[in-house]
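So this block is start.pdb, PDB, C-alpha atoms:
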ATOM      1  CA  MET D   1      30.556  32.042 111.379
ATOM      2  CA  THR D   2      30.017  32.279 107.618
ATOM      3  CA  THR D   3      32.854  33.799 105.595
ATOM      4  CA  GLY D   4      32.339  35.914 102.480
ATOM      5  CA  THR D   5      33.446  33.045 100.274
ATOM      6  CA  GLN D   6      31.006  30.659 101.944
ATOM      7  CA  ALA D   7      28.214  33.198 101.664
ATOM      8  CA  ASP D   8      28.919  33.578  97.946
ATOM      9  CA  LEU D   9      28.924  29.808  97.453
ATOM     10  CA  TYR D  10      25.711  29.310  99.385
ATOM     11  CA  SER D  11      24.031  32.165  97.521
ATOM     12  CA  VAL D  12      24.895  30.632  94.157
ATOM     13  CA  MET D  13      23.700  27.207  95.339
ATOM     14  CA  HIS D  14      20.360  28.518  96.582
ATOM     15  CA  ASP D  15      19.814  31.010  93.766
ATOM     16  CA  ARG D  16      20.242  28.381  91.077
ATOM     17  CA  LYS D  17      16.800  27.189  90.037
ATOM     18  CA  SER D  18      15.679  25.071  87.115
ATOM     19  CA  VAL D  19      14.580  27.528  84.436
ATOM     20  CA  ARG D  20      12.468  26.258  81.547
ATOM     21  CA  VAL D  21      11.601  29.517  79.774
ATOM     22  CA  TYR D  22      14.510  31.228  78.012
ATOM     23  CA  ASP D  23      15.147  34.309  75.933
ATOM     24  CA  PRO D  24      15.826  32.861  72.463
ATOM     25  CA  ALA D  25      17.642  36.055  71.436
ATOM     26  CA  ALA D  26      20.280  35.745  74.180
ATOM     27  CA  THR D  27      23.627  34.334  73.142
ATOM     28  CA  ILE D  28      26.678  32.941  74.923
ATOM     29  CA  SER D  29      30.040  32.880  73.177
ATOM     30  CA  LYS D  30      31.886  29.645  72.499
ATOM     31  CA  GLU D  31      34.764  31.056  74.546
ATOM     32  CA  GLU D  32      32.613  31.555  77.637
ATOM     33  CA  LEU D  33      30.986  28.149  77.315
ATOM     34  CA  SER D  34      34.416  26.562  76.923
ATOM     35  CA  GLU D  35      35.640  28.396  80.008
ATOM     36  CA  MET D  36      32.676  27.181  82.071
ATOM     37  CA  ILE D  37      33.257  23.578  81.063
ATOM     38  CA  LYS D  38      37.003  23.841  81.658
ATOM     39  CA  GLU D  39      36.419  25.179  85.180
ATOM     40  CA  ALA D  40      33.898  22.394  85.818
ATOM     41  CA  THR D  41      36.485  19.733  85.001
ATOM     42  CA  SER D  42      37.898  20.299  88.482
ATOM     43  CA  ALA D  43      35.164  17.827  89.509
ATOM     44  CA  PRO D  44      36.364  14.477  90.845
ATOM     45  CA  SER D  45      35.965  11.299  88.832
ATOM     46  CA  SER D  46      36.431   7.587  89.420
ATOM     47  CA  SER D  47      40.173   6.813  89.340
ATOM     48  CA  ASN D  48      40.577  10.313  87.831
ATOM     49  CA  LEU D  49      39.652   8.816  84.436
ATOM     50  CA  GLN D  50      37.444  11.789  83.534
ATOM     51  CA  PRO D  51      34.931   9.896  81.360
ATOM     52  CA  TRP D  52      32.933  13.030  80.558
ATOM     53  CA  ARG D  53      32.725  14.263  76.984
ATOM     54  CA  PHE D  54      30.695  17.255  75.791
ATOM     55  CA  LEU D  55      28.753  18.282  72.728
ATOM     56  CA  VAL D  56      27.585  21.909  72.818
ATOM     57  CA  ILE D  57      24.633  22.669  70.572
ATOM     58  CA  GLN D  58      24.036  26.302  69.599
ATOM     59  CA  ASP D  59      22.797  26.156  66.012
ATOM     60  CA  THR D  60      19.140  27.224  65.832
ATOM     61  CA  ALA D  61      18.086  24.530  63.363
ATOM     62  CA  VAL D  62      19.861  21.788  65.285
ATOM     63  CA  LYS D  63      18.289  22.919  68.575
ATOM     64  CA  LYS D  64      14.888  22.621  66.904
ATOM     65  CA  GLU D  65      15.728  19.020  65.994
ATOM     66  CA  LEU D  66      16.931  18.464  69.531
ATOM     67  CA  ARG D  67      13.605  19.639  70.926
ATOM     68  CA  ALA D  68      11.871  16.748  69.164
ATOM     69  CA  ILE D  69      14.433  14.302  70.555
ATOM     70  CA  ALA D  70      13.973  15.837  74.038
ATOM     71  CA  ASN D  71      10.253  15.082  74.262
ATOM     72  CA  ASN D  72       9.302  18.563  72.996
ATOM     73  CA  GLN D  73      10.858  20.350  75.964
ATOM     74  CA  GLU D  74      10.832  24.014  74.950
ATOM     75  CA  GLN D  75      14.133  24.873  76.597
ATOM     76  CA  ALA D  76      15.994  22.505  74.268
ATOM     77  CA  GLU D  77      15.202  24.937  71.458
ATOM     78  CA  THR D  78      15.063  28.330  73.152
ATOM     79  CA  ALA D  79      18.100  28.234  75.471
ATOM     80  CA  SER D  80      21.267  29.911  74.220
ATOM     81  CA  ALA D  81      23.026  26.554  74.219
ATOM     82  CA  VAL D  82      22.465  22.972  75.240
ATOM     83  CA  ILE D  83      25.433  21.175  76.730
ATOM     84  CA  ALA D  84      25.128  17.448  76.143
ATOM     85  CA  VAL D  85      27.107  15.631  78.817
ATOM     86  CA  LEU D  86      28.285  12.317  77.421
ATOM     87  CA  GLY D  87      30.127   9.407  78.986
ATOM     88  CA  ASP D  88      32.982   7.428  77.475
ATOM     89  CA  ILE D  89      32.614   3.864  78.701
ATOM     90  CA  GLU D  90      36.134   3.118  77.458
ATOM     91  CA  MET D  91      37.535   5.831  79.709
ATOM     92  CA  TYR D  92      40.315   3.537  80.890
ATOM     93  CA  LYS D  93      42.025   3.804  77.500
ATOM     94  CA  LYS D  94      43.251   7.284  78.462
ATOM     95  CA  VAL D  95      44.802   6.093  81.721
ATOM     96  CA  GLU D  96      48.402   6.381  80.546
ATOM     97  CA  GLN D  97      47.863   9.885  79.165
ATOM     98  CA  ILE D  98      46.172  11.034  82.371
ATOM     99  CA  TYR D  99      48.689   9.626  84.813
ATOM    100  CA  THR D 100      51.694  10.687  82.746
ATOM    101  CA  GLN D 101      50.297  14.210  82.915
ATOM    102  CA  ASN D 102      49.867  13.822  86.681
ATOM    103  CA  VAL D 103      53.591  13.090  86.965
ATOM    104  CA  THR D 104      54.545  15.929  84.610
ATOM    105  CA  GLU D 105      52.510  18.391  86.684
ATOM    106  CA  GLY D 106      54.051  17.145  89.930
ATOM    107  CA  HIS D 107      50.927  15.512  91.374
ATOM    108  CA  MET D 108      52.462  12.070  91.898
ATOM    109  CA  PRO D 109      55.771  10.177  91.592
ATOM    110  CA  GLU D 110      56.518   7.871  88.691
ATOM    111  CA  ALA D 111      56.094   4.750  90.844
ATOM    112  CA  SER D 112      52.554   5.731  91.798
ATOM    113  CA  LYS D 113      51.740   6.385  88.167
ATOM    114  CA  GLU D 114      52.838   2.893  87.138
ATOM    115  CA  ALA D 115      50.837   1.307  89.959
ATOM    116  CA  MET D 116      47.676   3.224  89.028
ATOM    117  CA  ILE D 117      48.007   2.360  85.346
ATOM    118  CA  ALA D 118      48.473  -1.311  86.165
ATOM    119  CA  SER D 119      45.504  -1.325  88.535
ATOM    120  CA  THR D 120      43.247   0.437  86.052
ATOM    121  CA  ASN D 121      44.193  -1.877  83.196
ATOM    122  CA  ARG D 122      43.599  -4.886  85.435
ATOM    123  CA  VAL D 123      40.116  -3.816  86.564
ATOM    124  CA  TYR D 124      38.318  -1.597  84.049
ATOM    125  CA  PRO D 125      38.575  -3.690  80.861
ATOM    126  CA  ASN D 126      37.281  -6.722  82.748
ATOM    127  CA  VAL D 127      34.026  -5.276  84.037
ATOM    128  CA  SER D 128      30.884  -5.047  81.924
ATOM    129  CA  ASP D 129      29.910  -2.124  79.735
ATOM    130  CA  GLU D 130      26.978  -1.598  82.102
ATOM    131  CA  VAL D 131      29.269  -1.194  85.113
ATOM    132  CA  ARG D 132      31.443   1.271  83.232
ATOM    133  CA  LYS D 133      28.335   3.130  82.060
ATOM    134  CA  ASN D 134      27.215   3.438  85.684
ATOM    135  CA  ILE D 135      30.634   4.853  86.602
ATOM    136  CA  ALA D 136      30.474   7.361  83.744
ATOM    137  CA  THR D 137      26.927   8.355  84.718
ATOM    138  CA  PHE D 138      27.933   9.001  88.326
ATOM    139  CA  ASP D 139      30.910  11.102  87.240
ATOM    140  CA  ALA D 140      28.743  13.004  84.740
ATOM    141  CA  GLY D 141      26.427  13.965  87.597
ATOM    142  CA  LEU D 142      29.327  15.471  89.530
ATOM    143  CA  ILE D 143      30.530  17.635  86.664
ATOM    144  CA  SER D 144      27.006  18.588  85.565
ATOM    145  CA  MET D 145      26.279  20.181  88.932
ATOM    146  CA  GLN D 146      29.518  22.127  88.722
ATOM    147  CA  ILE D 147      28.600  23.376  85.244
ATOM    148  CA  MET D 148      25.235  24.618  86.495
ATOM    149  CA  LEU D 149      26.717  26.399  89.514
ATOM    150  CA  ILE D 150      29.435  28.023  87.417
ATOM    151  CA  ALA D 151      26.828  29.160  84.889
ATOM    152  CA  LYS D 152      24.762  30.706  87.682
ATOM    153  CA  GLU D 153      27.780  32.519  89.080
ATOM    154  CA  LYS D 154      28.285  34.005  85.613
ATOM    155  CA  GLY D 155      24.682  35.201  85.457
ATOM    156  CA  TYR D 156      23.153  32.426  83.373
ATOM    157  CA  ASP D 157      20.323  30.046  84.136
ATOM    158  CA  THR D 158      20.179  26.305  83.585
ATOM    159  CA  VAL D 159      18.024  23.232  83.725
ATOM    160  CA  PRO D 160      19.197  19.607  83.467
ATOM    161  CA  MET D 161      17.205  17.297  81.203
ATOM    162  CA  GLY D 162      17.364  13.559  81.616
ATOM    163  CA  GLY D 163      14.124  12.966  79.729
ATOM    164  CA  PHE D 164      15.212  12.588  76.121
ATOM    165  CA  ASP D 165      15.487   9.764  73.617
ATOM    166  CA  LYS D 166      19.064   8.673  74.108
ATOM    167  CA  GLU D 167      19.043   6.255  71.179
ATOM    168  CA  LYS D 168      17.805   8.941  68.782
ATOM    169  CA  PHE D 169      20.318  11.409  70.208
ATOM    170  CA  ALA D 170      23.205   9.001  69.675
ATOM    171  CA  GLU D 171      22.025   8.314  66.134
ATOM    172  CA  ARG D 172      21.455  11.970  65.192
ATOM    173  CA  PHE D 173      24.843  13.104  66.469
ATOM    174  CA  GLU D 174      26.682   9.992  65.274
ATOM    175  CA  LEU D 175      28.163   9.090  68.632
ATOM    176  CA  PRO D 176      30.712   6.261  68.580
ATOM    177  CA  SER D 177      29.576   3.072  70.301
ATOM    178  CA  ASN D 178      31.727   3.747  73.375
ATOM    179  CA  VAL D 179      30.173   7.181  74.027
ATOM    180  CA  VAL D 180      26.727   7.375  75.617
ATOM    181  CA  PRO D 181      24.495  10.419  76.168
ATOM    182  CA  ILE D 182      23.725  11.030  79.842
ATOM    183  CA  VAL D 183      22.166  14.443  80.437
ATOM    184  CA  LEU D 184      21.382  17.654  78.558
ATOM    185  CA  ILE D 185      21.913  21.018  80.257
ATOM    186  CA  ALA D 186      20.088  24.026  78.820
ATOM    187  CA  VAL D 187      21.992  27.279  79.456
ATOM    188  CA  GLY D 188      20.797  30.807  78.806
ATOM    189  CA  LYS D 189      18.949  33.852  80.107
ATOM    190  CA  ALA D 190      15.629  33.311  81.848
ATOM    191  CA  ALA D 191      12.565  34.829  80.162
ATOM    192  CA  GLY D 192      10.178  33.645  82.849
ATOM    193  CA  PRO D 193      10.240  32.968  86.566
ATOM    194  CA  ALA D 194      11.918  29.947  88.046
ATOM    195  CA  TYR D 195       9.803  28.325  90.701
ATOM    196  CA  GLY D 196      11.186  27.154  94.003
ATOM    197  CA  SER D 197      10.682  23.641  95.252
ATOM    198  CA  SER D 198      10.393  22.037  98.654
ATOM    199  CA  ARG D 199      12.891  19.678 100.252
ATOM    200  CA  LEU D 200      12.288  16.734 102.522
ATOM    201  CA  PRO D 201      12.940  17.429 106.210
ATOM    202  CA  MET D 202      16.362  16.462 107.512
ATOM    203  CA  ASN D 203      14.981  13.884 109.938
ATOM    204  CA  GLU D 204      13.706  11.901 106.948
ATOM    205  CA  ILE D 205      16.949  11.886 104.993
ATOM    206  CA  LEU D 206      19.723  12.044 107.581
ATOM    207  CA  LYS D 207      20.820   9.584 110.243
ATOM    208  CA  PHE D 208      23.941   9.561 112.398
ATOM    209  CA  ILE D 209      25.245   6.328 113.897
TER
END

Before anything else, please render the file you have as structure tokens.
Amino acid sequence: MTTGTQADLYSVMHDRKSVRVYDPAATISKEELSEMIKEATSAPSSSNLQPWRFLVIQDTAVKKELRAIANNQEQAETASAVIAVLGDIEMYKKVEQIYTQNVTEGHMPEASKEAMIASTNRVYPNVSDEVRKNIATFDAGLISMQIMLIAKEKGYDTVPMGGFDKEKFAERFELPSNVVPIVLIAVGKAAGPAYGSSRLPMNEILKFI
């Protein structure tokens, strides 16, 4: 039996389509965008280190620049906003702040906090930047999907864009060396139809053992 809450969730999941044609006159307030991102931070992350960082681009002239960086994808310019999801590959440096807050909010005892901090400081600094980038990329995928579902529930459309010049993006927006661009999410009001897409059959993607 499907409950009302499940039905609502499934409807949002299935109604969300990748929209590439947006109404350039539609706007979304900074407050609403901030709220969407805050809600999305309920996503899980590796060791709860929350490596995601965000740059929200709304300025018309800057979005035009972004379109060139994003391989001339129209939605980079015409969407109400583009949320750049970034990854901090030095995420472990916030471990003490994060786990102290966990204790303050009653999520774990002090002893567990100290053990997690010690474990994180033993492991994360000693793996390569590439490994930490992979971790940040995985975590960015989790929160990006939440952002898109939350946006849909609020009546907005989205499309994720992985096809952009990440080096040019980092240079244009003066990202520090420890922060890498991962995905761009266009958010706005559709001005054209979103097309459905097929999915592989379950017997080709699922196996029980």

- Please provide as a PyMOL selection string all residues within 8 Å of region 10-16 of chain D, with the sequence filter that same-chain residues fewer than 2 positions apart are discarded (counting all atoms listed in the file). chain D and resi 6-8+18+148-149+152-153+157-158

- Task: Could you give me, as a PyMOL selection string, the residues that sit within 9 Å of (37.8, -2.8, 79.5) in the file's coordinates, counting only C-alpha atoms?
- Result: chain D and resi 89-93+121-129+132

Keeping C-alpha atoms for every residue in the selection just given, could you write it to a file as an mmCIF file, keeping the file's coordinate frame?
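Saved result, again.cif, follows:
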data_model
loop_
_atom_site.group_PDB
_atom_site.id
_atom_site.type_symbol
_atom_site.label_atom_id
_atom_site.label_comp_id
_atom_site.auth_asym_id
_atom_site.auth_seq_id
_atom_site.Cartn_x
_atom_site.Cartn_y
_atom_site.Cartn_z
ATOM 1 C CA ILE D 89 32.614 3.864 78.701
ATOM 2 C CA GLU D 90 36.134 3.118 77.458
ATOM 3 C CA MET D 91 37.535 5.831 79.709
ATOM 4 C CA TYR D 92 40.315 3.537 80.890
ATOM 5 C CA LYS D 93 42.025 3.804 77.500
ATOM 6 C CA ASN D 121 44.193 -1.877 83.196
ATOM 7 C CA ARG D 122 43.599 -4.886 85.435
ATOM 8 C CA VAL D 123 40.116 -3.816 86.564
ATOM 9 C CA TYR D 124 38.318 -1.597 84.049
ATOM 10 C CA PRO D 125 38.575 -3.690 80.861
ATOM 11 C CA ASN D 126 37.281 -6.722 82.748
ATOM 12 C CA VAL D 127 34.026 -5.276 84.037
ATOM 13 C CA SER D 128 30.884 -5.047 81.924
ATOM 14 C CA ASP D 129 29.910 -2.124 79.735
ATOM 15 C CA ARG D 132 31.443 1.271 83.232
#

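CA of Glu32 (chain D) sits 29.5 Å away from CA of Val103 (chain D).
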
- Task: Skip Leu33 (chain D) itself and residues of its chain fewer than 2 positions away, then list as a list in words all residues within 9 Å of it, counting only C-alpha atoms.
- Result: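 After dropping sequence-adjacent residues, the list is Ile28, Ser29, Lys30, Glu31, Glu35, Met36, Ile37, Lys38, Val56, Ala81, Ile83 and Ala151 of chain D.
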
- Dump as a PyMOL selection string all residues having an atom at most 8 Å from (24.9, 8.9, 74.3), computed in the file's coordinates with only C-alpha atoms. chain D and resi 86-87+166-167+169-170+175+179-182

- Separating CA of Asn48 (chain D) from CA of Leu9 (chain D), to the nearest tenth of an Å, is a gap of 24.7 Å

- Near Ala191 (chain D), within 8 Å and counting all atoms listed in the file, which residues show up once chain neighbours fewer than 2 positions away are dropped, as number ranges by chain? D: 21-23, 189, 193

- One decimal place gives the CA of Lys133 (chain D)-CA of Gln146 (chain D) separation as 20.2 Å

- Item | Reference answer for the PyMOL selection byres ((chain D and resi 76-80) around 7), as a list of chain:residue names |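 Applying the PyMOL selection byres ((chain D and resi 76-80) around 7) to the structure shown produces D:Tyr22, D:Asp23, D:Pro24, D:Ala26, D:Thr27, D:Ile28, D:Gln58, D:Lys63, D:Lys64, D:Leu66, D:Arg67, D:Ala70, D:Gln73, D:Glu74, D:Gln75, D:Ala81, D:Val82, D:Ala186, D:Val187, D:Gly188.
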
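Closest approach to Gly163 (chain D) among D:Leu184, D:Thr120, D:Ala43, D:Asp59 is made by D:Leu184 (distances from all atoms listed in the file).
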
- Between D:Glu130, D:Glu114, D:Glu174, D:Glu39, which has the minimum distance to Val95 (chain D) (counting only C-alpha atoms)?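 Of all the options, D:Glu114 lies closest to Val95 (chain D).
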
- Could you write out as a PyMOL selection string the residues that the PyMOL selection byres ((chain D and resi 53) around 9) matches in the shown file? chain D and resi 50-52+54-55+84-88+140+179

Okay, now the selection with C-alpha atoms, as a PDB file, keeping the file's coordinate frame?
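So the final result, stored in out-v9.pdb, reads:
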ATOM      1  CA  GLN D  50      37.444  11.789  83.534  1.00  0.00           C
ATOM      2  CA  PRO D  51      34.931   9.896  81.360  1.00  0.00           C
ATOM      3  CA  TRP D  52      32.933  13.030  80.558  1.00  0.00           C
ATOM      4  CA  PHE D  54      30.695  17.255  75.791  1.00  0.00           C
ATOM      5  CA  LEU D  55      28.753  18.282  72.728  1.00  0.00           C
ATOM      6  CA  ALA D  84      25.128  17.448  76.143  1.00  0.00           C
ATOM      7  CA  VAL D  85      27.107  15.631  78.817  1.00  0.00           C
ATOM      8  CA  LEU D  86      28.285  12.317  77.421  1.00  0.00           C
ATOM      9  CA  GLY D  87      30.127   9.407  78.986  1.00  0.00           C
ATOM     10  CA  ASP D  88      32.982   7.428  77.475  1.00  0.00           C
ATOM     11  CA  ALA D 140      28.743  13.004  84.740  1.00  0.00           C
ATOM     12  CA  VAL D 179      30.173   7.181  74.027  1.00  0.00           C
TER      13      VAL D 179
END

- Message: I'd like to know which of D:Ile185, D:Ala68, D:Ala61, D:Met116 is closest to Ser47 (chain D), using all atoms listed in the file.
- Response: D:Met116

- Query: For Tyr156 (chain D), which residue among D:Glu110, D:Lys168, D:Lys17, D:Ile205 is the nearest when counting all atoms listed in the file?
  - Reply: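 Of D:Glu110, D:Lys168, D:Lys17, D:Ile205, the one nearest Tyr156 (chain D) is D:Lys17, counting all atoms listed in the file.
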